[in-house]
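A.B. asks: Take a look at the following structure, please.
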Amino acid sequence: MNQKIEATLNQEPSKKVQYLMLTTIIVGAFVWSLSAIQFNAVDDGGWKIATSIIQGILTPDMELLWNFTNQGVFYLLFETICIAFIGTIFGAILSIPVAFLMAPSIVPKPVYLTTRFLVIIIRTVPALVYGLMFVRVTGPGPFAGAMTMSLTSIGMVSKLYVDVIEDIDRGVLEAMDSMGCTTFEKIRFGIIPQLIANFSSITIYRFDMNLRDATILGLVGAGGIGSPLIFAMNSYRWNQVGSILIGLIVLILIVEFVSNKLRNRLVNG
């Protein structure tokens, strides 16, 4: 029996040549890409700036880090969390009807194709562009950031919601239909219990992403900790940059740990 297996394996074509060719192509493309890098602009002044950046980040401004006023790191992080949280909640709520309109098994083909096309358009535009648009409309501040987070969340969350909707157990609905349940009862006791855990897990995952995006939105004036970060970088106050980065790293680690625990509990029970 073992001899037959070995004979069958020996008859299969060797993939060493394919792996060798693929490796050669990748290495060749990497070496060719290195030719585009120019080190002519790197001089002694550049190294001095790089050294000052590293020293400033490694020696953060502790006064700014432990400042509990509206100019301190704690308040700015709290504002960033609020922008991400509000944007995620509104985006998740708006994504529910959009997801049902994108489900092929629920709505006619023209409806879900049109809705999918609109969602693709929403996902195509970067978050920074939406941030600039809302800053122009509503003015700079956290409200523009929350509106941006809501709109950008619809693109991804609604797409993931559709996958959950398409995977629900239809047998439960058929059994409830045979029992004479009304449409409201089927939605309340047959559909929602199957969707709520996965919907909540997707929403928590999107909140984790929005927290990072909310930091970037501050660069265009949409509130959060991004604005003080870019101001500190432009004025070469690298010790303040280090304080802000420390706060961001700690915040993201905490949120990621908590969100992973919640998602595992929701999905696995």
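Residue numbering restarts at 1 in every chain; chains get A, B, ... in the order shown in the structure tokens, and ligands count up from 1 in that same order.
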Could you give me, as CSV, every region 144-262 of chain A residue with an atom at most 12 Å from region 64-67 of chain A, plus its closest atom pair and distance in Å to one decimal, counting only C-alpha atoms, rows ordered by chain then number?

C.D. replies:
```
residue,atom,partner,partner_atom,distance
A:Pro228,CA,A:Leu64,CA,11.2
A:Ala232,CA,A:Leu64,CA,11.7
A:Arg237,CA,A:Leu64,CA,11.7
A:Asn239,CA,A:Leu64,CA,9.4
A:Gln240,CA,A:Leu64,CA,7.0
A:Val241,CA,A:Leu64,CA,10.0
A:Gly242,CA,A:Leu65,CA,9.2
A:Ser243,CA,A:Leu65,CA,5.4
A:Ile244,CA,A:Leu65,CA,7.1
A:Leu245,CA,A:Leu65,CA,9.8
A:Ile246,CA,A:Leu65,CA,8.4
A:Gly247,CA,A:Leu65,CA,7.4
A:Leu248,CA,A:Leu65,CA,10.9
A:Val250,CA,A:Leu65,CA,11.9
```

A.B. asks: Which residue is closest to Val172 (chain A)? Choose from A:Leu94, A:Ile191, A:Leu160, A:Leu118 and count only C-alpha atoms.

C.D. replies: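 Selected residue with least distance to Val172 (chain A): A:Ile191.
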
A.B. asks: Looking at only C-alpha atoms, which of A:Val255, A:Leu77, A:Ile96, A:Met179 is the one that sits closest to Ile154 (chain A)?

C.D. replies: A:Ile96

A.B. asks: So which residues touch Phe117 (chain A) within 12 Å, counting only C-alpha atoms, skipping near sequence neighbours fewer than 5 positions away, as a PyMOL selection string?

C.D. replies: chain A and resi 98+101-102+110-112+122-124+155+159

A.B. asks: Go ahead and write the residues just picked, C-alpha atoms, as a compact mmCIF listing (two decimals), in the first residue's frame.

C.D. replies:
```
# COMPACT_ATOMS: atom_id res chain seq x y z
CA VAL A 98 -29.10 49.03 3.15
CA LEU A 101 -31.83 46.06 0.05
CA MET A 102 -28.59 44.40 -1.07
CA PRO A 110 -32.78 45.58 -10.04
CA VAL A 111 -33.10 46.79 -6.44
CA TYR A 112 -30.10 44.95 -5.01
CA ILE A 122 -19.45 55.03 -1.15
CA ARG A 123 -16.56 52.63 -0.55
CA THR A 124 -14.51 54.06 -3.42
CA GLY A 155 -19.73 50.73 2.81
CA LYS A 159 -21.55 44.36 2.81
```

A.B. asks: Return the single residue from A:Asn260, A:Ser158, A:Thr148, A:Ser178 that is closest to Ser201 (chain A), with distances computed using only C-alpha atoms.

C.D. replies: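 The closest residue to Ser201 (chain A) is A:Asn260.
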
A.B. asks: In region 39-244 of chain A, what's alpha helix (DSSP H) per DSSP? Answer as an MDAnalysis selection string?

C.D. replies: chainID A and resid 44:58 62:65 73:102 109:124 127:138 142:166 170:178 183:186 192:217 226:234 238:244

A.B. asks: What does the distance between CA of Val164 (chain A) and CA of Phe199 (chain A) come to in Å, to one decimal place?

C.D. replies: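 Taking CA of Val164 (chain A) and CA of Phe199 (chain A), their separation equals 7.8 Å.
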
A.B. asks: One number please: CA of Lys48 (chain A) to CA of Pro60 (chain A), in Å, one decimal.

C.D. replies: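 Separation between CA of Lys48 (chain A) and CA of Pro60 (chain A): 18.3 Å.
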
A.B. asks: Of the residues A:Ser200, A:Met21, A:Asp61, A:Pro104, which is the one nearest to Ile89 (chain A), using only C-alpha atoms?

C.D. replies: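 Checking each candidate against Ile89 (chain A), we get A:Ser200 as the closest.
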
A.B. asks: Using only C-alpha atoms, which of A:Ala50, A:Val129, A:Ala103, A:Leu151 sits nearest Asp167 (chain A)?

C.D. replies: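 Between A:Ala50, A:Val129, A:Ala103, A:Leu151, the residue approaching Asp167 (chain A) most closely is A:Ala103.
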
A.B. asks: Tell me which protein, DNA and RNA residues are within 12 Å of Gly221 (chain A), counting only C-alpha atoms, leaving out same-chain ones fewer than 3 positions away, and put them as a PyMOL selection string.

C.D. replies: chain A and resi 128-136+138-145+148+214-218+224-231

A.B. asks: Just how far from CA of Ser150 (chain A) is CA of Val107 (chain A), in Å to one decimal?

C.D. replies: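 Interatomic distance here is 24.4 Å.
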
A.B. asks: Env of Ile192 (chain A): 12 Å cut, atoms = only C-alpha atoms, seq-sep filter 2 positions within chain, self excluded. Answer as a PDB file with N, CA and C atoms, in the first residue's frame.

C.D. replies:
```
ATOM      1  N   ILE A  96     -28.298  48.575   8.252  1.00  0.00           N
ATOM      2  CA  ILE A  96     -29.278  47.480   8.321  1.00  0.00           C
ATOM      3  C   ILE A  96     -30.255  47.523   7.159  1.00  0.00           C
ATOM      4  N   VAL A 164     -24.232  37.816   6.295  1.00  0.00           N
ATOM      5  CA  VAL A 164     -24.917  37.205   7.442  1.00  0.00           C
ATOM      6  C   VAL A 164     -26.380  36.937   7.100  1.00  0.00           C
ATOM      7  N   ILE A 165     -27.028  37.884   6.439  1.00  0.00           N
ATOM      8  CA  ILE A 165     -28.437  37.713   6.076  1.00  0.00           C
ATOM      9  C   ILE A 165     -28.627  36.528   5.136  1.00  0.00           C
ATOM     10  N   ILE A 168     -28.678  32.915   6.936  1.00  0.00           N
ATOM     11  CA  ILE A 168     -29.618  32.544   7.993  1.00  0.00           C
ATOM     12  C   ILE A 168     -30.305  31.230   7.650  1.00  0.00           C
ATOM     13  N   ASP A 169     -30.746  30.525   8.681  1.00  0.00           N
ATOM     14  CA  ASP A 169     -31.401  29.224   8.527  1.00  0.00           C
ATOM     15  C   ASP A 169     -32.835  29.445   8.052  1.00  0.00           C
ATOM     16  N   VAL A 172     -35.979  27.540   9.884  1.00  0.00           N
ATOM     17  CA  VAL A 172     -36.681  28.121  11.033  1.00  0.00           C
ATOM     18  C   VAL A 172     -37.868  28.950  10.560  1.00  0.00           C
ATOM     19  N   LEU A 173     -37.685  29.733   9.507  1.00  0.00           N
ATOM     20  CA  LEU A 173     -38.771  30.553   8.989  1.00  0.00           C
ATOM     21  C   LEU A 173     -39.881  29.695   8.400  1.00  0.00           C
ATOM     22  N   PHE A 184     -44.350  39.794  11.579  1.00  0.00           N
ATOM     23  CA  PHE A 184     -43.640  40.407  12.706  1.00  0.00           C
ATOM     24  C   PHE A 184     -43.047  39.345  13.615  1.00  0.00           C
ATOM     25  N   GLU A 185     -43.771  38.285  13.894  1.00  0.00           N
ATOM     26  CA  GLU A 185     -43.271  37.218  14.759  1.00  0.00           C
ATOM     27  C   GLU A 185     -42.086  36.494  14.115  1.00  0.00           C
ATOM     28  N   LYS A 186     -42.137  36.309  12.804  1.00  0.00           N
ATOM     29  CA  LYS A 186     -41.019  35.664  12.131  1.00  0.00           C
ATOM     30  C   LYS A 186     -39.765  36.537  12.182  1.00  0.00           C
ATOM     31  N   ILE A 187     -39.953  37.843  12.034  1.00  0.00           N
ATOM     32  CA  ILE A 187     -38.804  38.741  12.116  1.00  0.00           C
ATOM     33  C   ILE A 187     -38.277  38.793  13.545  1.00  0.00           C
ATOM     34  N   ARG A 188     -39.214  38.889  14.513  1.00  0.00           N
ATOM     35  CA  ARG A 188     -38.819  39.059  15.914  1.00  0.00           C
ATOM     36  C   ARG A 188     -38.164  37.804  16.482  1.00  0.00           C
ATOM     37  N   PHE A 189     -38.734  36.631  16.198  1.00  0.00           N
ATOM     38  CA  PHE A 189     -38.264  35.400  16.834  1.00  0.00           C
ATOM     39  C   PHE A 189     -37.488  34.484  15.885  1.00  0.00           C
ATOM     40  N   GLY A 190     -37.535  34.747  14.585  1.00  0.00           N
ATOM     41  CA  GLY A 190     -36.859  33.868  13.640  1.00  0.00           C
ATOM     42  C   GLY A 190     -35.643  34.470  12.971  1.00  0.00           C
ATOM     43  N   GLN A 194     -31.010  35.248  14.905  1.00  0.00           N
ATOM     44  CA  GLN A 194     -29.928  34.711  14.086  1.00  0.00           C
ATOM     45  C   GLN A 194     -28.940  35.787  13.640  1.00  0.00           C
ATOM     46  N   LEU A 195     -29.384  37.032  13.616  1.00  0.00           N
ATOM     47  CA  LEU A 195     -28.547  38.107  13.082  1.00  0.00           C
ATOM     48  C   LEU A 195     -27.834  38.918  14.146  1.00  0.00           C
ATOM     49  N   ILE A 196     -28.424  39.026  15.329  1.00  0.00           N
ATOM     50  CA  ILE A 196     -27.945  40.028  16.290  1.00  0.00           C
ATOM     51  C   ILE A 196     -26.513  39.763  16.748  1.00  0.00           C
ATOM     52  N   ALA A 197     -26.125  38.503  16.941  1.00  0.00           N
ATOM     53  CA  ALA A 197     -24.769  38.214  17.422  1.00  0.00           C
ATOM     54  C   ALA A 197     -23.733  38.599  16.369  1.00  0.00           C
ATOM     55  N   ASN A 198     -23.964  38.175  15.117  1.00  0.00           N
ATOM     56  CA  ASN A 198     -23.008  38.489  14.060  1.00  0.00           C
ATOM     57  C   ASN A 198     -23.016  39.977  13.729  1.00  0.00           C
ATOM     58  N   PHE A 199     -24.185  40.591  13.752  1.00  0.00           N
ATOM     59  CA  PHE A 199     -24.259  42.033  13.515  1.00  0.00           C
ATOM     60  C   PHE A 199     -23.465  42.792  14.571  1.00  0.00           C
ATOM     61  N   SER A 200     -23.604  42.381  15.820  1.00  0.00           N
ATOM     62  CA  SER A 200     -22.868  43.052  16.901  1.00  0.00           C
ATOM     63  C   SER A 200     -21.365  42.847  16.750  1.00  0.00           C
TER      64      SER A 200
END
```
